[in-house]
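Q: This is the content of protein.pdb (PDB, C-alpha atoms):
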```
ATOM      1  CA  GLY Y 315      40.877  75.236 126.602
ATOM      2  CA  ASN Y 316      37.170  75.819 127.048
ATOM      3  CA  SER Y 317      34.596  73.131 126.410
ATOM      4  CA  VAL Y 318      30.893  72.476 126.910
ATOM      5  CA  THR Y 319      29.294  69.061 127.281
ATOM      6  CA  GLN Y 320      25.566  68.547 126.871
ATOM      7  CA  MET Y 321      23.502  65.499 127.615
ATOM      8  CA  GLU Y 322      23.079  63.242 124.650
ATOM      9  CA  GLY Y 323      19.872  63.569 122.716
ATOM     10  CA  PRO Y 324      17.402  63.441 121.241
ATOM     11  CA  VAL Y 325      14.906  63.954 124.046
ATOM     12  CA  THR Y 326      11.223  63.156 123.521
ATOM     13  CA  LEU Y 327       8.598  64.213 126.058
ATOM     14  CA  SER Y 328       4.865  64.469 126.326
ATOM     15  CA  GLU Y 329       3.246  67.866 126.731
ATOM     16  CA  GLU Y 330       3.311  69.165 130.339
ATOM     17  CA  ALA Y 331       6.234  66.917 131.289
ATOM     18  CA  PHE Y 332       9.225  68.224 133.256
ATOM     19  CA  LEU Y 333      12.347  68.966 131.251
ATOM     20  CA  THR Y 334      15.999  68.858 132.260
ATOM     21  CA  ILE Y 335      18.839  69.202 129.785
ATOM     22  CA  ASN Y 336      22.218  68.790 131.438
ATOM     23  CA  CYS Y 337      25.156  71.032 130.628
ATOM     24  CA  THR Y 338      28.614  70.990 132.182
ATOM     25  CA  TYR Y 339      31.573  73.108 131.236
ATOM     26  CA  THR Y 340      35.318  73.518 131.471
ATOM     27  CA  ALA Y 341      36.666  77.047 131.379
ATOM     28  CA  THR Y 342      40.022  78.684 131.929
ATOM     29  CA  GLY Y 343      38.656  81.917 133.362
ATOM     30  CA  TYR Y 344      35.348  83.028 134.842
ATOM     31  CA  PRO Y 345      32.772  82.321 132.163
ATOM     32  CA  SER Y 346      29.398  83.713 131.317
ATOM     33  CA  LEU Y 347      26.947  80.941 130.479
ATOM     34  CA  PHE Y 348      24.199  80.908 127.888
ATOM     35  CA  TRP Y 349      21.401  78.753 126.542
ATOM     36  CA  TYR Y 350      20.514  79.321 122.907
ATOM     37  CA  VAL Y 351      17.546  77.751 121.110
ATOM     38  CA  GLN Y 352      17.113  76.962 117.433
ATOM     39  CA  TYR Y 353      13.508  76.457 116.349
ATOM     40  CA  PRO Y 354      12.870  74.577 113.097
ATOM     41  CA  GLY Y 355      13.764  76.753 110.123
ATOM     42  CA  GLU Y 356      14.942  79.646 112.291
ATOM     43  CA  GLY Y 357      18.240  81.076 113.491
ATOM     44  CA  LEU Y 358      19.811  80.741 116.914
ATOM     45  CA  GLN Y 359      18.099  82.813 119.606
ATOM     46  CA  LEU Y 360      19.301  83.557 123.094
ATOM     47  CA  LEU Y 361      17.033  81.853 125.595
ATOM     48  CA  LEU Y 362      18.703  82.893 128.850
ATOM     49  CA  LYS Y 363      22.068  83.697 130.364
ATOM     50  CA  ALA Y 364      23.931  84.018 133.664
ATOM     51  CA  THR Y 365      27.141  85.972 134.124
ATOM     52  CA  LYS Y 366      28.345  84.928 137.570
ATOM     53  CA  ALA Y 367      28.169  82.064 140.023
ATOM     54  CA  ASP Y 368      24.772  81.396 141.639
ATOM     55  CA  ASP Y 369      22.968  83.618 139.138
ATOM     56  CA  LYS Y 370      19.753  82.189 137.758
ATOM     57  CA  GLY Y 371      18.741  82.951 134.208
ATOM     58  CA  SER Y 372      15.094  82.607 133.260
ATOM     59  CA  ASN Y 373      12.877  83.184 130.236
ATOM     60  CA  LYS Y 374       9.663  81.703 128.812
ATOM     61  CA  GLY Y 375       9.336  79.351 131.781
ATOM     62  CA  PHE Y 376      12.881  78.003 131.345
ATOM     63  CA  GLU Y 377      15.458  78.359 134.110
ATOM     64  CA  ALA Y 378      19.131  77.583 134.590
ATOM     65  CA  THR Y 379      21.376  78.238 137.591
ATOM     66  CA  TYR Y 380      25.114  78.882 137.283
ATOM     67  CA  ARG Y 381      26.735  76.322 139.631
ATOM     68  CA  LYS Y 382      30.433  76.956 139.930
ATOM     69  CA  GLU Y 383      31.016  74.097 142.389
ATOM     70  CA  THR Y 384      29.704  71.532 139.910
ATOM     71  CA  THR Y 385      30.623  73.526 136.761
ATOM     72  CA  SER Y 386      27.070  73.086 135.527
ATOM     73  CA  PHE Y 387      24.274  75.111 133.951
ATOM     74  CA  HIS Y 388      21.384  72.689 133.563
ATOM     75  CA  LEU Y 389      18.275  73.865 131.714
ATOM     76  CA  GLU Y 390      14.886  73.134 133.300
ATOM     77  CA  LYS Y 391      11.228  73.756 132.561
ATOM     78  CA  GLY Y 392       8.364  72.591 134.692
ATOM     79  CA  SER Y 393       5.811  71.959 131.959
ATOM     80  CA  VAL Y 394       6.876  71.749 128.317
ATOM     81  CA  GLN Y 395       4.668  72.594 125.358
ATOM     82  CA  VAL Y 396       4.660  71.343 121.788
ATOM     83  CA  SER Y 397       5.984  74.759 120.764
ATOM     84  CA  ASP Y 398       9.162  74.119 122.810
ATOM     85  CA  SER Y 399      10.283  71.529 120.268
ATOM     86  CA  ALA Y 400      13.671  72.774 119.089
ATOM     87  CA  VAL Y 401      17.410  72.239 119.404
ATOM     88  CA  TYR Y 402      18.947  73.679 122.576
ATOM     89  CA  PHE Y 403      22.598  74.724 122.809
ATOM     90  CA  CYS Y 404      24.563  75.463 125.942
ATOM     91  CA  ALA Y 405      27.446  77.910 125.468
ATOM     92  CA  LEU Y 406      30.053  79.870 127.354
ATOM     93  CA  SER Y 407      32.412  82.754 126.895
ATOM     94  CA  ASP Y 408      35.154  84.025 129.165
ATOM     95  CA  GLU Y 409      37.747  86.730 129.236
ATOM     96  CA  THR Y 410      40.596  84.367 128.313
ATOM     97  CA  SER Y 411      38.926  83.479 125.017
ATOM     98  CA  GLY Y 412      37.948  87.004 124.131
ATOM     99  CA  SER Y 413      34.338  87.232 123.088
ATOM    100  CA  ARG Y 414      34.026  83.945 121.259
ATOM    101  CA  LEU Y 415      31.264  81.560 122.263
ATOM    102  CA  THR Y 416      32.071  77.895 122.822
ATOM    103  CA  PHE Y 417      29.002  75.734 122.175
ATOM    104  CA  GLY Y 418      27.947  72.271 123.166
ATOM    105  CA  GLU Y 419      26.740  69.869 120.511
ATOM    106  CA  GLY Y 420      23.074  70.666 121.018
ATOM    107  CA  THR Y 421      20.127  68.644 122.303
ATOM    108  CA  GLN Y 422      17.120  67.996 120.093
ATOM    109  CA  LEU Y 423      13.875  68.223 122.066
ATOM    110  CA  THR Y 424      10.601  66.923 120.666
ATOM    111  CA  VAL Y 425       7.391  67.471 122.622
ATOM    112  CA  ASN Y 426       4.390  65.395 121.617
ATOM    113  CA  PRO Y 427       0.788  66.441 122.277
TER     114      PRO Y 427
ATOM    115  CA  GLY V 935      16.816  96.042 109.593
ATOM    116  CA  ALA V 936      15.667  94.625 112.891
ATOM    117  CA  GLY V 937      18.035  91.682 112.997
ATOM    118  CA  VAL V 938      21.184  90.224 111.523
ATOM    119  CA  SER V 939      20.759  89.352 107.875
ATOM    120  CA  GLN V 940      22.854  87.015 105.741
ATOM    121  CA  THR V 941      22.975  86.476 102.019
ATOM    122  CA  PRO V 942      22.642  84.233 100.206
ATOM    123  CA  SER V 943      20.552  81.867 102.281
ATOM    124  CA  ASN V 944      21.810  78.957 100.215
ATOM    125  CA  LYS V 945      24.890  78.607  98.045
ATOM    126  CA  VAL V 946      25.802  75.599  95.956
ATOM    127  CA  THR V 947      29.207  75.591  94.338
ATOM    128  CA  GLU V 948      31.684  73.202  92.803
ATOM    129  CA  LYS V 949      34.904  72.052  94.371
ATOM    130  CA  GLY V 950      37.684  74.511  93.691
ATOM    131  CA  LYS V 951      35.473  77.558  93.201
ATOM    132  CA  TYR V 952      35.565  80.829  95.153
ATOM    133  CA  VAL V 953      32.601  81.967  97.268
ATOM    134  CA  GLU V 954      31.636  85.054  99.226
ATOM    135  CA  LEU V 955      29.137  85.095 102.054
ATOM    136  CA  ARG V 956      27.715  88.376 103.304
ATOM    137  CA  CYS V 957      26.591  89.453 106.761
ATOM    138  CA  ASP V 958      24.698  92.631 107.638
ATOM    139  CA  PRO V 959      24.747  93.128 111.427
ATOM    140  CA  ILE V 960      22.299  94.942 113.642
ATOM    141  CA  SER V 961      22.754  98.682 113.243
ATOM    142  CA  GLY V 962      25.033 100.132 115.900
ATOM    143  CA  HIS V 963      26.614  96.817 116.888
ATOM    144  CA  THR V 964      30.381  97.168 117.031
ATOM    145  CA  ALA V 965      31.282  93.479 117.281
ATOM    146  CA  LEU V 966      30.686  90.921 114.530
ATOM    147  CA  TYR V 967      31.354  87.180 114.628
ATOM    148  CA  TRP V 968      31.455  84.327 112.152
ATOM    149  CA  TYR V 969      30.773  80.732 113.161
ATOM    150  CA  ARG V 970      30.475  77.503 111.209
ATOM    151  CA  GLN V 971      27.935  74.822 112.054
ATOM    152  CA  SER V 972      28.267  71.323 110.653
ATOM    153  CA  LEU V 973      25.317  68.965 110.632
ATOM    154  CA  GLY V 974      24.442  67.759 114.125
ATOM    155  CA  GLN V 975      27.072  69.917 115.785
ATOM    156  CA  GLY V 976      27.180  73.161 117.692
ATOM    157  CA  PRO V 977      28.531  76.286 116.021
ATOM    158  CA  GLU V 978      32.321  76.677 115.950
ATOM    159  CA  PHE V 979      33.999  80.061 116.125
ATOM    160  CA  LEU V 980      35.846  81.322 113.056
ATOM    161  CA  ILE V 981      36.632  85.032 113.454
ATOM    162  CA  TYR V 982      35.568  88.118 115.360
ATOM    163  CA  PHE V 983      35.708  91.799 114.389
ATOM    164  CA  GLN V 984      35.741  94.785 116.661
ATOM    165  CA  GLY V 985      34.987  97.676 114.341
ATOM    166  CA  THR V 986      36.928  97.240 111.117
ATOM    167  CA  GLY V 987      39.716  95.063 112.463
ATOM    168  CA  ALA V 988      39.823  91.336 113.061
ATOM    169  CA  ALA V 989      40.357  91.081 116.806
ATOM    170  CA  ASP V 990      40.607  87.281 116.785
ATOM    171  CA  ASP V 991      40.930  85.105 113.676
ATOM    172  CA  SER V 992      42.260  82.036 115.432
ATOM    173  CA  GLY V 993      39.261  79.929 114.441
ATOM    174  CA  LEU V 994      39.822  80.184 110.693
ATOM    175  CA  PRO V 995      40.725  76.629 109.618
ATOM    176  CA  ASN V 996      43.355  77.557 107.021
ATOM    177  CA  ASP V 997      44.491  80.302 104.670
ATOM    178  CA  ARG V 998      41.708  79.594 102.172
ATOM    179  CA  PHE V 999      39.370  81.417 104.546
ATOM    180  CA  PHE V1000      39.432  85.188 104.857
ATOM    181  CA  ALA V1001      36.983  87.801 106.128
ATOM    182  CA  VAL V1002      36.728  91.568 105.905
ATOM    183  CA  ARG V1003      34.674  94.326 107.438
ATOM    184  CA  PRO V1004      35.987  97.452 105.668
ATOM    185  CA  GLU V1005      33.565 100.036 107.060
ATOM    186  CA  GLY V1006      32.827  98.492 110.408
ATOM    187  CA  SER V1007      29.375  97.288 109.421
ATOM    188  CA  VAL V1008      28.817  94.698 106.678
ATOM    189  CA  SER V1009      31.223  91.773 106.639
ATOM    190  CA  THR V1010      32.126  89.302 103.918
ATOM    191  CA  LEU V1011      33.518  85.830 104.514
ATOM    192  CA  LYS V1012      35.565  84.639 101.556
ATOM    193  CA  ILE V1013      36.500  81.051 100.845
ATOM    194  CA  GLN V1014      38.985  80.219  98.091
ATOM    195  CA  ARG V1015      39.406  76.859  96.356
ATOM    196  CA  THR V1016      36.410  75.379  98.138
ATOM    197  CA  GLU V1017      36.517  71.777  99.296
ATOM    198  CA  ARG V1018      33.695  69.358 100.048
ATOM    199  CA  GLY V1019      34.596  69.567 103.722
ATOM    200  CA  ASP V1020      33.690  73.266 103.704
ATOM    201  CA  SER V1021      30.020  72.329 103.348
ATOM    202  CA  ALA V1022      28.229  73.668 106.434
ATOM    203  CA  VAL V1023      25.957  76.455 107.634
ATOM    204  CA  TYR V1024      27.903  79.667 108.127
ATOM    205  CA  LEU V1025      26.464  81.828 110.875
ATOM    206  CA  CYS V1026      27.041  85.483 111.537
ATOM    207  CA  ALA V1027      26.336  87.196 114.854
ATOM    208  CA  SER V1028      26.688  90.715 116.184
ATOM    209  CA  SER V1029      26.729  92.324 119.608
ATOM    210  CA  PHE V1030      26.619  95.907 120.832
ATOM    211  CA  LEU V1031      29.913  95.612 122.675
ATOM    212  CA  ALA V1032      32.452  92.823 122.828
ATOM    213  CA  GLY V1033      32.446  91.773 126.442
ATOM    214  CA  ASN V1034      32.050  88.115 127.295
ATOM    215  CA  TRP V1035      28.753  88.955 128.988
ATOM    216  CA  ASP V1036      27.276  90.587 125.889
ATOM    217  CA  THR V1037      24.493  88.860 124.031
ATOM    218  CA  GLN V1038      25.337  87.804 120.504
ATOM    219  CA  TYR V1039      22.438  87.990 118.047
ATOM    220  CA  PHE V1040      22.590  85.471 115.242
ATOM    221  CA  GLY V1041      21.503  85.649 111.635
ATOM    222  CA  PRO V1042      19.669  82.825 109.840
ATOM    223  CA  GLY V1043      22.858  81.514 108.285
ATOM    224  CA  THR V1044      24.079  80.663 104.807
ATOM    225  CA  ARG V1045      23.981  76.993 103.906
ATOM    226  CA  LEU V1046      27.038  76.259 101.744
ATOM    227  CA  THR V1047      27.142  73.053  99.724
ATOM    228  CA  VAL V1048      30.316  72.171  97.860
ATOM    229  CA  LEU V1049      29.773  69.493  95.226
TER     230      LEU V1049
END
```
Would you encode the structure as structure tokens?
A:
Amino acid sequence: GNSVTQMEGPVTLSEEAFLTINCTYTATGYPSLFWYVQYPGEGLQLLLKATKADDKGSNKGFEATYRKETTSFHLEKGSVQVSDSAVYFCALSDETSGSRLTFGEGTQLTVNP
Amino acid sequence: GAGVSQTPSNKVTEKGKYVELRCDPISGHTALYWYRQSLGQGPEFLIYFQGTGAADDSGLPNDRFFAVRPEGSVSTLKIQRTERGDSAVYLCASSFLAGNWDTQYFGPGTRLTVL
């Protein structure tokens, strides 16, 4: 079956630090990969996505590259802000699982001024 | 409305009671999904509708859980004989189509507490 593994959290950084949140996956078919973000008191929002190998998704300064050879989709940002404090979820869907999303456990990020 | 809405935002009930959770998807979205999120975990899939029919209900944990979408828009998740282990945030999402590349847009969730 499909699964997503995220780096253990929580992660605490100072403002302007570099961020990496690791995500690896196991999928039966050819998955699409997603990063969702959950800000305090808000619902899940799509941050970025990539639908095929070597695609790079990007949004709000965040980037992630779909690496089929390492089955990874690591999230990166060059300079984090306090407003980036949130929980980040890596997820996948593929044609063998219909349209369901399989999520990782989430990584809590706290950015201090 | 502009986004997916869910009501109620919070529901507290007693063990053994029946509850209904409502989801109003984005207008025009044909696919609707229910997920359950326990504390400190990622969301887990429950059921997915394409139009009025349940295309995949393999995530429903047991026969106490049931969901409907009679007119292809609003959906209701129904839980009978609630148990303390049902306590979680129930999330609804919708997407325009149902391909695995389609973006799912999530509602704010209903926090269910079973005492």
Q: Quick one: residues within 7 Å of Cys1026 (chain V), only C-alpha atoms, excluding same-chain residues fewer than 4 positions away - as a list of chain:residue names?
A: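 Listing them by chain and then by number gives V:Cys957, V:Tyr967, V:Trp968, V:Tyr969, V:Phe1040, V:Gly1041, V:Gly1043.
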Q: To verify the selection step, state as a PDB file with C-alpha atoms, keeping the file's coordinate frame which residues the PyMOL selection byres ((chain Y) within 6 of (chain V)) yields on this input.
A:
```
ATOM      1  CA  SER Y 346      29.398  83.713 131.317  1.00  0.00           C
ATOM      2  CA  GLY Y 357      18.240  81.076 113.491  1.00  0.00           C
ATOM      3  CA  LEU Y 358      19.811  80.741 116.914  1.00  0.00           C
ATOM      4  CA  SER Y 407      32.412  82.754 126.895  1.00  0.00           C
ATOM      5  CA  ASP Y 408      35.154  84.025 129.165  1.00  0.00           C
ATOM      6  CA  SER Y 413      34.338  87.232 123.088  1.00  0.00           C
ATOM      7  CA  PHE Y 417      29.002  75.734 122.175  1.00  0.00           C
ATOM      8  CA  GLY Y 418      27.947  72.271 123.166  1.00  0.00           C
ATOM      9  CA  GLU Y 419      26.740  69.869 120.511  1.00  0.00           C
ATOM     10  CA  GLY Y 420      23.074  70.666 121.018  1.00  0.00           C
TER      11      GLY Y 420
END
```
Q: Please enumerate the residues selected by the PyMOL selection byres ((chain V and resi 1048) around 8) when evaluated against the supplied file, formatted as a PyMOL selection string.
A: chain V and resi 946-949+1016-1021+1046-1047+1049
Q: Tell me, as a count of residues only, which residues lie within 9 Å of region 376-390 of chain Y, counting all atoms listed in the file; anything in the same chain fewer than 3 positions away does not count.
A: 29
Q: Extract, using all atoms listed in the file, all DNA, RNA and protein residues at most 8 Å from Ser397 (chain Y), discarding same-chain residues fewer than 2 positions from it, and format them as a list in words.
A: Gln395, Ser399 and Val425 of chain Y
Q: Next, the residues of the selection above should be written as a PDB file, keeping the file's coordinate frame with C-alpha atoms.
A:
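File out01.pdb, as written:
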```pdb
ATOM      1  CA  GLN Y 395       4.668  72.594 125.358  1.00  0.00           C
ATOM      2  CA  SER Y 399      10.283  71.529 120.268  1.00  0.00           C
ATOM      3  CA  VAL Y 425       7.391  67.471 122.622  1.00  0.00           C
TER       4      VAL Y 425
END
```
Q: Report the residues retrieved by the PyMOL selection byres ((chain V and resi 960) around 6) from the displayed file, expressed as a PyMOL selection string.
A: chain V and resi 937-938+959+961+963
Q: Record the distance separating CA of Tyr353 (chain Y) and CA of Thr416 (chain Y), expressed in Å with one decimal.
A: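 So the answer is 19.7 Å.
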Q: Which of these residues is nearest to Gln422 (chain Y), using only C-alpha atoms: Y:Thr410, Y:Thr342, Y:Thr326, Y:Gln359?
A: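 For Gln422 (chain Y), the nearest of the given residues is Y:Thr326.
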Q: Using CA of Leu423 (chain Y) and CA of Val325 (chain Y) as the two end points, give the distance in Å to one decimal.
A: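 Taking CA of Leu423 (chain Y) as the start and CA of Val325 (chain Y) as the end point, the length is 4.8 Å.
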